[in-house]
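Chemist: Pasting upload-v9.cif below, which is mmCIF, C-alpha atoms and all ligand atoms.
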```
data_query
#
loop_
_atom_site.label_atom_id
_atom_site.label_comp_id
_atom_site.auth_asym_id
_atom_site.auth_seq_id
_atom_site.Cartn_x
_atom_site.Cartn_y
_atom_site.Cartn_z
CA MET R 1 22.11 -0.88 -8.49
CA GLY R 2 18.73 -2.59 -8.82
CA ILE R 3 17.01 -4.93 -11.22
CA MET R 4 13.52 -3.45 -11.39
CA LEU R 5 13.86 -2.73 -15.12
CA LYS R 6 16.35 -5.41 -16.15
CA ASP R 7 16.16 -6.22 -19.90
CA LYS R 8 13.85 -3.25 -20.54
CA VAL R 9 14.51 -0.59 -23.16
CA ALA R 10 13.47 2.96 -22.29
CA ILE R 11 13.26 6.05 -24.49
CA VAL R 12 13.27 9.34 -22.56
CA THR R 13 12.67 12.39 -24.75
CA GLY R 14 14.50 15.61 -23.97
CA SER R 15 16.76 13.75 -21.54
CA ALA R 16 20.12 15.41 -22.17
CA ARG R 17 19.52 17.40 -18.96
CA GLY R 18 17.01 18.23 -16.22
CA ILE R 19 14.10 16.00 -15.23
CA GLY R 20 14.54 13.76 -18.27
CA ARG R 21 18.14 13.08 -17.37
CA ALA R 22 17.21 12.17 -13.79
CA ILE R 23 14.56 9.76 -15.12
CA ALA R 24 17.09 8.20 -17.50
CA GLU R 25 19.57 7.79 -14.63
CA ILE R 26 17.17 6.10 -12.21
CA MET R 27 15.93 3.73 -14.94
CA ALA R 28 19.55 2.87 -15.85
CA ARG R 29 20.27 2.31 -12.16
CA GLU R 30 17.50 -0.30 -12.26
CA GLY R 31 19.05 -2.05 -15.25
CA ALA R 32 17.22 -0.60 -18.28
CA ASP R 33 19.00 0.19 -21.52
CA ILE R 34 18.44 3.87 -22.18
CA VAL R 35 17.83 6.02 -25.22
CA ILE R 36 18.75 9.65 -24.58
CA ASN R 37 16.79 11.72 -27.07
CA ASP R 38 17.27 15.47 -27.40
CA ILE R 39 17.58 18.22 -29.99
CA ASN R 40 20.99 18.94 -28.45
CA LEU R 41 23.09 16.02 -29.71
CA GLU R 42 26.34 17.04 -28.04
CA LEU R 43 24.75 17.16 -24.58
CA ALA R 44 22.75 13.97 -25.29
CA GLU R 45 25.99 12.14 -26.13
CA GLU R 46 27.67 13.41 -22.99
CA THR R 47 24.71 12.29 -20.85
CA ALA R 48 24.49 8.89 -22.58
CA GLY R 49 28.23 8.39 -22.07
CA SER R 50 28.18 9.16 -18.38
CA ILE R 51 25.09 6.99 -17.73
CA LYS R 52 26.67 4.07 -19.58
CA GLU R 53 29.79 4.41 -17.47
CA ALA R 54 27.95 4.80 -14.16
CA TYR R 55 25.42 1.97 -14.53
CA ALA R 56 26.95 -0.47 -17.04
CA VAL R 57 23.86 -0.51 -19.26
CA GLN R 58 23.64 0.15 -22.98
CA THR R 59 22.85 3.72 -23.94
CA MET R 60 22.11 5.40 -27.24
CA ALA R 61 22.07 9.14 -27.91
CA LEU R 62 19.54 10.07 -30.58
CA GLN R 63 19.04 13.54 -31.99
CA ALA R 64 15.43 14.10 -33.00
CA ASN R 65 13.03 17.00 -32.81
CA ILE R 66 9.97 15.16 -31.55
CA ALA R 67 7.75 18.00 -32.78
CA HIS R 68 8.19 16.51 -36.27
CA ALA R 69 6.32 13.24 -36.75
CA ALA R 70 8.89 11.89 -39.21
CA GLU R 71 11.73 12.44 -36.73
CA ALA R 72 9.81 10.70 -33.94
CA GLU R 73 9.15 7.76 -36.28
CA GLU R 74 12.81 7.57 -37.30
CA MET R 75 13.87 7.65 -33.66
CA VAL R 76 11.65 4.71 -32.71
CA SER R 77 12.72 2.75 -35.83
CA ALA R 78 16.39 3.25 -34.90
CA VAL R 79 15.69 2.03 -31.35
CA VAL R 80 13.82 -1.08 -32.53
CA GLU R 81 16.61 -1.79 -35.02
CA ARG R 82 19.27 -1.58 -32.33
CA PHE R 83 17.49 -3.19 -29.35
CA GLY R 84 14.69 -5.17 -30.99
CA ARG R 85 12.06 -3.66 -28.68
CA VAL R 86 10.85 -0.63 -26.77
CA ASP R 87 9.30 -1.13 -23.35
CA ILE R 88 9.10 2.35 -21.88
CA LEU R 89 8.46 5.75 -23.43
CA VAL R 90 8.79 8.86 -21.28
CA ASN R 91 7.45 11.97 -23.01
CA ASN R 92 9.53 14.52 -21.16
CA ALA R 93 10.70 16.99 -23.83
CA GLY R 94 8.98 20.30 -23.21
CA ILE R 95 9.44 24.04 -23.56
CA THR R 96 8.01 27.29 -22.20
CA ARG R 97 7.43 30.63 -23.99
CA ASP R 98 5.72 32.65 -21.26
CA SER R 99 3.74 35.87 -21.65
CA LEU R 100 0.32 37.26 -20.84
CA ILE R 101 -2.43 36.28 -23.29
CA MET R 102 -2.81 39.84 -24.51
CA ARG R 103 0.83 39.89 -25.62
CA MET R 104 1.34 36.26 -26.57
CA LYS R 105 2.71 35.87 -30.09
CA GLU R 106 1.14 33.34 -32.40
CA GLU R 107 4.52 31.63 -32.86
CA ASP R 108 4.93 31.23 -29.08
CA TRP R 109 1.53 29.58 -28.80
CA ASP R 110 2.34 27.29 -31.74
CA ALA R 111 5.86 26.37 -30.58
CA VAL R 112 4.73 25.28 -27.10
CA LEU R 113 1.70 23.33 -28.33
CA THR R 114 3.76 21.70 -31.07
CA VAL R 115 6.58 20.47 -28.84
CA ASN R 116 4.69 19.67 -25.62
CA LEU R 117 1.46 18.23 -27.02
CA LYS R 118 1.96 17.22 -30.65
CA GLY R 119 5.49 16.00 -29.89
CA SER R 120 4.16 13.64 -27.22
CA PHE R 121 1.45 12.43 -29.60
CA ASN R 122 4.08 11.81 -32.30
CA CYS R 123 6.13 9.62 -29.96
CA ILE R 124 3.09 7.71 -28.62
CA LYS R 125 2.01 6.99 -32.19
CA ALA R 126 5.52 5.89 -33.14
CA VAL R 127 5.86 3.40 -30.24
CA SER R 128 2.31 2.09 -30.57
CA ARG R 129 3.18 -0.44 -33.29
CA PRO R 130 6.12 -2.12 -31.52
CA MET R 131 4.33 -2.01 -28.14
CA PHE R 132 1.14 -3.49 -29.65
CA LYS R 133 3.23 -6.30 -31.15
CA GLN R 134 4.93 -6.94 -27.81
CA ARG R 135 1.55 -6.73 -26.05
CA SER R 136 3.23 -4.71 -23.31
CA GLY R 137 4.54 -1.22 -22.69
CA ARG R 138 4.67 1.74 -20.37
CA ILE R 139 4.08 5.31 -21.46
CA ILE R 140 4.70 8.13 -18.98
CA ASN R 141 3.85 11.68 -19.99
CA ILE R 142 5.44 14.55 -18.09
CA ALA R 143 2.61 17.06 -17.75
CA SER R 144 2.61 19.78 -15.07
CA VAL R 145 0.55 21.15 -12.19
CA ILE R 146 0.03 24.14 -14.51
CA GLY R 147 -2.13 21.85 -16.68
CA LEU R 148 -4.34 21.27 -13.63
CA MET R 149 -4.45 24.70 -11.97
CA GLY R 150 -3.35 27.23 -14.61
CA ASN R 151 -0.80 30.01 -14.14
CA VAL R 152 -0.65 33.67 -15.09
CA GLY R 153 1.59 34.05 -18.16
CA GLN R 154 1.41 30.41 -19.22
CA ALA R 155 -1.70 30.11 -21.42
CA ASN R 156 0.19 28.14 -24.06
CA TYR R 157 2.03 25.93 -21.56
CA GLY R 158 -1.05 25.29 -19.41
CA ALA R 159 -3.12 24.40 -22.46
CA SER R 160 -0.39 22.06 -23.75
CA LYS R 161 -0.14 20.24 -20.42
CA ALA R 162 -3.93 20.02 -19.95
CA GLY R 163 -4.05 18.65 -23.50
CA LEU R 164 -1.38 16.13 -22.61
CA ILE R 165 -3.55 14.93 -19.72
CA GLY R 166 -6.48 14.42 -22.12
CA LEU R 167 -4.15 12.59 -24.51
CA THR R 168 -2.96 10.39 -21.63
CA LYS R 169 -6.49 9.28 -20.78
CA THR R 170 -7.44 8.54 -24.38
CA ALA R 171 -4.21 6.65 -25.09
CA ALA R 172 -4.71 4.69 -21.85
CA ARG R 173 -8.17 3.57 -23.03
CA GLU R 174 -7.00 2.76 -26.57
CA MET R 175 -3.96 0.77 -25.50
CA ALA R 176 -5.20 -0.99 -22.36
CA ALA R 177 -6.35 -4.15 -24.15
CA ARG R 178 -2.75 -4.69 -25.32
CA GLY R 179 -1.28 -4.52 -21.83
CA ILE R 180 0.10 -1.01 -22.25
CA THR R 181 -0.34 1.51 -19.45
CA VAL R 182 -0.34 5.26 -20.04
CA ASN R 183 -0.04 7.69 -17.14
CA ALA R 184 0.98 11.30 -16.56
CA LEU R 185 3.03 12.99 -13.90
CA ALA R 186 2.23 16.54 -12.92
CA PRO R 187 5.42 17.96 -11.43
CA GLY R 188 5.18 21.17 -9.44
CA PHE R 189 8.04 23.60 -8.96
CA ILE R 190 11.21 21.67 -9.82
CA GLU R 191 14.79 22.97 -9.72
CA THR R 192 16.06 22.78 -13.33
CA GLU R 193 17.33 25.15 -16.01
CA MET R 194 13.68 25.69 -17.01
CA THR R 195 12.88 27.30 -13.64
CA ALA R 196 16.32 28.85 -13.08
CA VAL R 197 15.32 31.70 -15.40
CA LEU R 198 12.36 32.77 -13.20
CA PRO R 199 12.80 36.07 -11.33
CA GLU R 200 13.31 35.85 -7.55
CA ASP R 201 9.87 37.34 -6.70
CA VAL R 202 8.10 34.78 -8.90
CA ARG R 203 10.07 31.96 -7.25
CA ALA R 204 9.18 33.24 -3.77
CA ALA R 205 5.48 33.52 -4.69
CA MET R 206 5.47 29.99 -6.11
CA LEU R 207 7.21 28.56 -3.04
CA LYS R 208 4.44 29.99 -0.83
CA GLN R 209 2.03 27.62 -2.61
CA VAL R 210 4.07 24.52 -1.72
CA PRO R 211 3.01 22.85 1.56
CA LEU R 212 6.31 20.96 1.79
CA GLY R 213 8.04 24.34 1.64
CA ARG R 214 10.77 23.56 -0.87
CA MET R 215 11.28 23.17 -4.59
CA GLY R 216 11.38 19.62 -5.90
CA SER R 217 14.47 18.04 -7.40
CA PRO R 218 14.56 16.19 -10.73
CA GLU R 219 15.14 13.05 -8.62
CA ASP R 220 11.84 13.63 -6.79
CA VAL R 221 10.06 13.34 -10.15
CA ALA R 222 12.23 10.46 -11.36
CA GLY R 223 11.30 8.27 -8.40
CA VAL R 224 7.60 8.38 -9.29
CA ALA R 225 8.36 7.78 -12.98
CA LEU R 226 10.30 4.68 -11.95
CA PHE R 227 7.32 3.41 -9.97
CA LEU R 228 5.04 3.82 -13.02
CA ALA R 229 7.57 2.03 -15.25
CA GLY R 230 7.93 -0.97 -12.94
CA ASP R 231 5.95 -4.17 -12.45
CA THR R 232 4.39 -2.99 -9.19
CA ALA R 233 2.38 -0.34 -11.12
CA SER R 234 0.83 -2.77 -13.61
CA TYR R 235 -2.77 -1.99 -12.50
CA VAL R 236 -2.39 1.82 -12.76
CA THR R 237 -3.44 3.46 -16.02
CA GLY R 238 -4.95 6.73 -17.22
CA GLN R 239 -3.87 8.52 -14.03
CA VAL R 240 -2.34 11.90 -13.35
CA ILE R 241 0.01 11.90 -10.38
CA PRO R 242 1.07 15.27 -8.98
CA VAL R 243 4.69 15.37 -7.79
CA ASP R 244 4.51 18.83 -6.34
CA GLY R 245 5.11 18.97 -2.61
CA GLY R 246 1.34 19.15 -2.08
CA MET R 247 0.49 22.15 -4.33
CA VAL R 248 -2.48 20.32 -5.85
CA MET R 249 -4.47 17.99 -3.64
CA TYR R 250 -7.40 16.12 -5.07
N1 LIG M 1 11.10 22.32 -14.11
C1 LIG M 1 9.86 22.35 -13.66
O1 LIG M 1 9.55 23.01 -12.67
C2 LIG M 1 8.80 21.55 -14.34
C3 LIG M 1 7.54 21.48 -13.72
C4 LIG M 1 6.53 20.74 -14.31
C5 LIG M 1 6.76 20.10 -15.51
N2 LIG M 1 7.99 20.19 -16.10
C6 LIG M 1 8.15 19.47 -17.37
O2 LIG M 1 9.20 18.55 -17.28
C7 LIG M 1 9.82 18.38 -18.55
C8 LIG M 1 11.32 18.60 -18.44
O3 LIG M 1 11.55 19.89 -17.92
P1 LIG M 1 12.98 20.41 -17.41
O4 LIG M 1 12.70 21.38 -16.32
O5 LIG M 1 13.89 19.27 -17.18
O6 LIG M 1 13.42 21.26 -18.70
P2 LIG M 1 14.85 21.51 -19.38
O7 LIG M 1 14.65 22.70 -20.26
O8 LIG M 1 15.94 21.53 -18.37
O9 LIG M 1 15.05 20.20 -20.29
C9 LIG M 1 14.25 19.94 -21.41
C10 LIG M 1 15.07 19.20 -22.44
O10 LIG M 1 14.21 18.94 -23.57
C11 LIG M 1 14.93 19.19 -24.76
N3 LIG M 1 14.00 19.50 -25.85
C12 LIG M 1 13.30 20.66 -26.02
N4 LIG M 1 12.56 20.61 -27.13
C13 LIG M 1 12.77 19.38 -27.68
C14 LIG M 1 12.30 18.74 -28.86
N5 LIG M 1 11.47 19.37 -29.70
N6 LIG M 1 12.72 17.49 -29.14
C15 LIG M 1 13.58 16.86 -28.31
N7 LIG M 1 14.08 17.43 -27.18
C16 LIG M 1 13.68 18.68 -26.87
C17 LIG M 1 15.84 20.35 -24.41
O11 LIG M 1 16.95 20.44 -25.31
C18 LIG M 1 16.26 20.00 -22.98
O12 LIG M 1 17.43 19.21 -22.94
C19 LIG M 1 9.12 19.37 -19.48
O13 LIG M 1 8.09 18.71 -20.20
C20 LIG M 1 8.52 20.38 -18.52
O14 LIG M 1 7.41 21.02 -19.09
C21 LIG M 1 9.00 20.89 -15.55
#
```
Show how you would write the structure in this file as structure tokens.

Modeler:
Amino acid sequence: MGIMLKDKVAIVTGSARGIGRAIAEIMAREGADIVINDINLELAEETAGSIKEAYAVQTMALQANIAHAAEAEEMVSAVVERFGRVDILVNNAGITRDSLIMRMKEEDWDAVLTVNLKGSFNCIKAVSRPMFKQRSGRIINIASVIGLMGNVGQANYGASKAGLIGLTKTAAREMAARGITVNALAPGFIETEMTAVLPEDVRAAMLKQVPLGRMGSPEDVAGVALFLAGDTASYVTGQVIPVDGGMVMY
């Protein structure tokens, strides 16, 4: 148990499972009170309960579909009402609806852009008021290497994550004067339920592109998110940090 984030309040969207859950856990381990947001309330409550028990911090499970601006606003209002502040926002909620461009349905394009890009914007906008008032804050957007390098079958996803990187840089510039940093992580090939559905040949082909020769774990991503949330990263803003075993080097 550490004290890196003692007295901080962190919202992690889509954190009932996967990468978001690992980020919530490591931030709780460092003393932050944690808001587990998800569309799946039952799983969010289970995750919030087990984190509270393991790390003796306060947790709150909040059902909200961040794709809807009003729900993102209500979520942040409920957090400020309960904790009086919000120090860290991790925009982690994300979905895939893969297919080749020629076959991609309009609703699959819209769904991915709406959750991954607009949803992150909705949450950034919602926390901007309390963070401006506090004159401090940390926003961490979970993008993807696909937003940097593209991927066959992921036009919607790649565009949403590239958009999220552009949003990160603009938000970083707009919010810098108030002591708020905004950065993005670009995870590579991470072992979660999102990637569990990929066929074996696709997994093997992806692994060939990873210099470190293995898939990442949610904890691999969480460790870098923790760094960005902590005091030692206070001079880092507007950056995109790949967490990908070396897939993208720049
Ligand atoms: N797994 C990977 O290899 C990988 C790689 C790069 C980036 N990412 C990104 O990391 C993030 C987390 O991915 P994961 O692999 O843990 O996925 P996951 O599917 O295991 O978890 C995503 C969670 O988000 C929730 N969610 C979905 N839509 C939501 C919405 N509208 N509002 C609130 N919650 C919502 C889901 O219910 C789920 O619990 C995503 O943004 C994903 O794009 C994942």

Chemist: Kindly compile the residues surrounding ligand LIG 1 (chain M) within 7 Å, counting all atoms listed in the file, and format them as a VMD selection string.

Modeler: chain R and resid 13 to 20 37 to 40 64 to 67 92 to 95 115 to 116 119 142 to 145 186 to 195

Chemist: Give me, please, the distance in Å between atom CA of R:Asp87 and atom CA of R:Glu25, quoted to one decimal.

Modeler: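 It comes out at 16.2 Å.
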
Chemist: Check the smallest atom-to-atom distance from each of R:Thr232, R:His68, R:Asn156, R:Ala61 to R:Glu107 using only C-alpha atoms, then report the winner.

Modeler: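 Among the listed residues, the smallest separation from R:Glu107 belongs to R:Asn156.
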
Chemist: Considering all atoms listed in the file, state which residue in the set R:Gly238, R:Gly163, R:Pro130, R:Gly31 is at the smallest distance from R:Ala184.

Modeler: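 Of all the options, R:Gly238 lies closest to R:Ala184.
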
Chemist: Atom CA of R:Ala72 to atom CA of R:Ala126: how many Å, to one decimal?

Modeler: 6.5 Å

Chemist: Select, from R:Met27, R:Cys123, R:Met104, R:Ile11, the residue with the minimum atom-to-atom distance to R:Gly223, counting only C-alpha atoms.

Modeler: R:Met27

Chemist: Because the input lacks atoms here, generate N, CA and C atoms for stretch 120-141 of chain R and report them as a PDB file, in the coordinates of the input.

Modeler:
```pdb
ATOM      1  N   SER R 120       4.483  14.829 -28.020  1.00  0.00           N
ATOM      2  CA  SER R 120       4.160  13.640 -27.220  1.00  0.00           C
ATOM      3  C   SER R 120       3.275  12.691 -28.023  1.00  0.00           C
ATOM      4  N   PHE R 121       2.302  13.261 -28.733  1.00  0.00           N
ATOM      5  CA  PHE R 121       1.450  12.430 -29.600  1.00  0.00           C
ATOM      6  C   PHE R 121       2.298  11.698 -30.642  1.00  0.00           C
ATOM      7  N   ASN R 122       3.224  12.420 -31.274  1.00  0.00           N
ATOM      8  CA  ASN R 122       4.080  11.810 -32.300  1.00  0.00           C
ATOM      9  C   ASN R 122       4.821  10.593 -31.749  1.00  0.00           C
ATOM     10  N   CYS R 123       5.340  10.730 -30.536  1.00  0.00           N
ATOM     11  CA  CYS R 123       6.130   9.620 -29.960  1.00  0.00           C
ATOM     12  C   CYS R 123       5.223   8.466 -29.535  1.00  0.00           C
ATOM     13  N   ILE R 124       4.032   8.783 -28.996  1.00  0.00           N
ATOM     14  CA  ILE R 124       3.090   7.710 -28.620  1.00  0.00           C
ATOM     15  C   ILE R 124       2.699   6.926 -29.870  1.00  0.00           C
ATOM     16  N   LYS R 125       2.393   7.661 -30.945  1.00  0.00           N
ATOM     17  CA  LYS R 125       2.010   6.990 -32.190  1.00  0.00           C
ATOM     18  C   LYS R 125       3.159   6.103 -32.692  1.00  0.00           C
ATOM     19  N   ALA R 126       4.370   6.628 -32.618  1.00  0.00           N
ATOM     20  CA  ALA R 126       5.520   5.890 -33.140  1.00  0.00           C
ATOM     21  C   ALA R 126       5.795   4.600 -32.353  1.00  0.00           C
ATOM     22  N   VAL R 127       5.600   4.626 -31.020  1.00  0.00           N
ATOM     23  CA  VAL R 127       5.860   3.400 -30.240  1.00  0.00           C
ATOM     24  C   VAL R 127       4.662   2.451 -30.243  1.00  0.00           C
ATOM     25  N   SER R 128       3.506   2.924 -30.712  1.00  0.00           N
ATOM     26  CA  SER R 128       2.310   2.090 -30.570  1.00  0.00           C
ATOM     27  C   SER R 128       2.450   0.761 -31.315  1.00  0.00           C
ATOM     28  N   ARG R 129       3.050   0.802 -32.512  1.00  0.00           N
ATOM     29  CA  ARG R 129       3.180  -0.440 -33.290  1.00  0.00           C
ATOM     30  C   ARG R 129       4.060  -1.477 -32.580  1.00  0.00           C
ATOM     31  N   PRO R 130       5.319  -1.113 -32.237  1.00  0.00           N
ATOM     32  CA  PRO R 130       6.120  -2.120 -31.520  1.00  0.00           C
ATOM     33  C   PRO R 130       5.520  -2.540 -30.175  1.00  0.00           C
ATOM     34  N   MET R 131       4.919  -1.618 -29.437  1.00  0.00           N
ATOM     35  CA  MET R 131       4.330  -2.010 -28.140  1.00  0.00           C
ATOM     36  C   MET R 131       3.106  -2.901 -28.335  1.00  0.00           C
ATOM     37  N   PHE R 132       2.302  -2.629 -29.359  1.00  0.00           N
ATOM     38  CA  PHE R 132       1.140  -3.490 -29.650  1.00  0.00           C
ATOM     39  C   PHE R 132       1.622  -4.902 -29.970  1.00  0.00           C
ATOM     40  N   LYS R 133       2.682  -4.971 -30.779  1.00  0.00           N
ATOM     41  CA  LYS R 133       3.230  -6.300 -31.150  1.00  0.00           C
ATOM     42  C   LYS R 133       3.728  -7.047 -29.933  1.00  0.00           C
ATOM     43  N   GLN R 134       4.395  -6.323 -29.032  1.00  0.00           N
ATOM     44  CA  GLN R 134       4.930  -6.940 -27.810  1.00  0.00           C
ATOM     45  C   GLN R 134       3.818  -7.294 -26.807  1.00  0.00           C
ATOM     46  N   ARG R 135       2.664  -6.635 -26.992  1.00  0.00           N
ATOM     47  CA  ARG R 135       1.550  -6.730 -26.050  1.00  0.00           C
ATOM     48  C   ARG R 135       1.958  -6.287 -24.639  1.00  0.00           C
ATOM     49  N   SER R 136       2.855  -5.309 -24.597  1.00  0.00           N
ATOM     50  CA  SER R 136       3.230  -4.710 -23.310  1.00  0.00           C
ATOM     51  C   SER R 136       3.884  -3.362 -23.569  1.00  0.00           C
ATOM     52  N   GLY R 137       3.870  -2.519 -22.565  1.00  0.00           N
ATOM     53  CA  GLY R 137       4.540  -1.220 -22.690  1.00  0.00           C
ATOM     54  C   GLY R 137       4.114  -0.276 -21.594  1.00  0.00           C
ATOM     55  N   ARG R 138       4.954   0.710 -21.370  1.00  0.00           N
ATOM     56  CA  ARG R 138       4.670   1.740 -20.370  1.00  0.00           C
ATOM     57  C   ARG R 138       4.922   3.098 -21.007  1.00  0.00           C
ATOM     58  N   ILE R 139       3.919   3.949 -20.947  1.00  0.00           N
ATOM     59  CA  ILE R 139       4.080   5.310 -21.460  1.00  0.00           C
ATOM     60  C   ILE R 139       3.840   6.272 -20.297  1.00  0.00           C
ATOM     61  N   ILE R 140       4.794   7.168 -20.089  1.00  0.00           N
ATOM     62  CA  ILE R 140       4.700   8.130 -18.980  1.00  0.00           C
ATOM     63  C   ILE R 140       4.866   9.527 -19.574  1.00  0.00           C
ATOM     64  N   ASN R 141       3.832  10.331 -19.429  1.00  0.00           N
ATOM     65  CA  ASN R 141       3.850  11.680 -19.990  1.00  0.00           C
ATOM     66  C   ASN R 141       4.135  12.691 -18.886  1.00  0.00           C
TER      67      ASN R 141
END
```
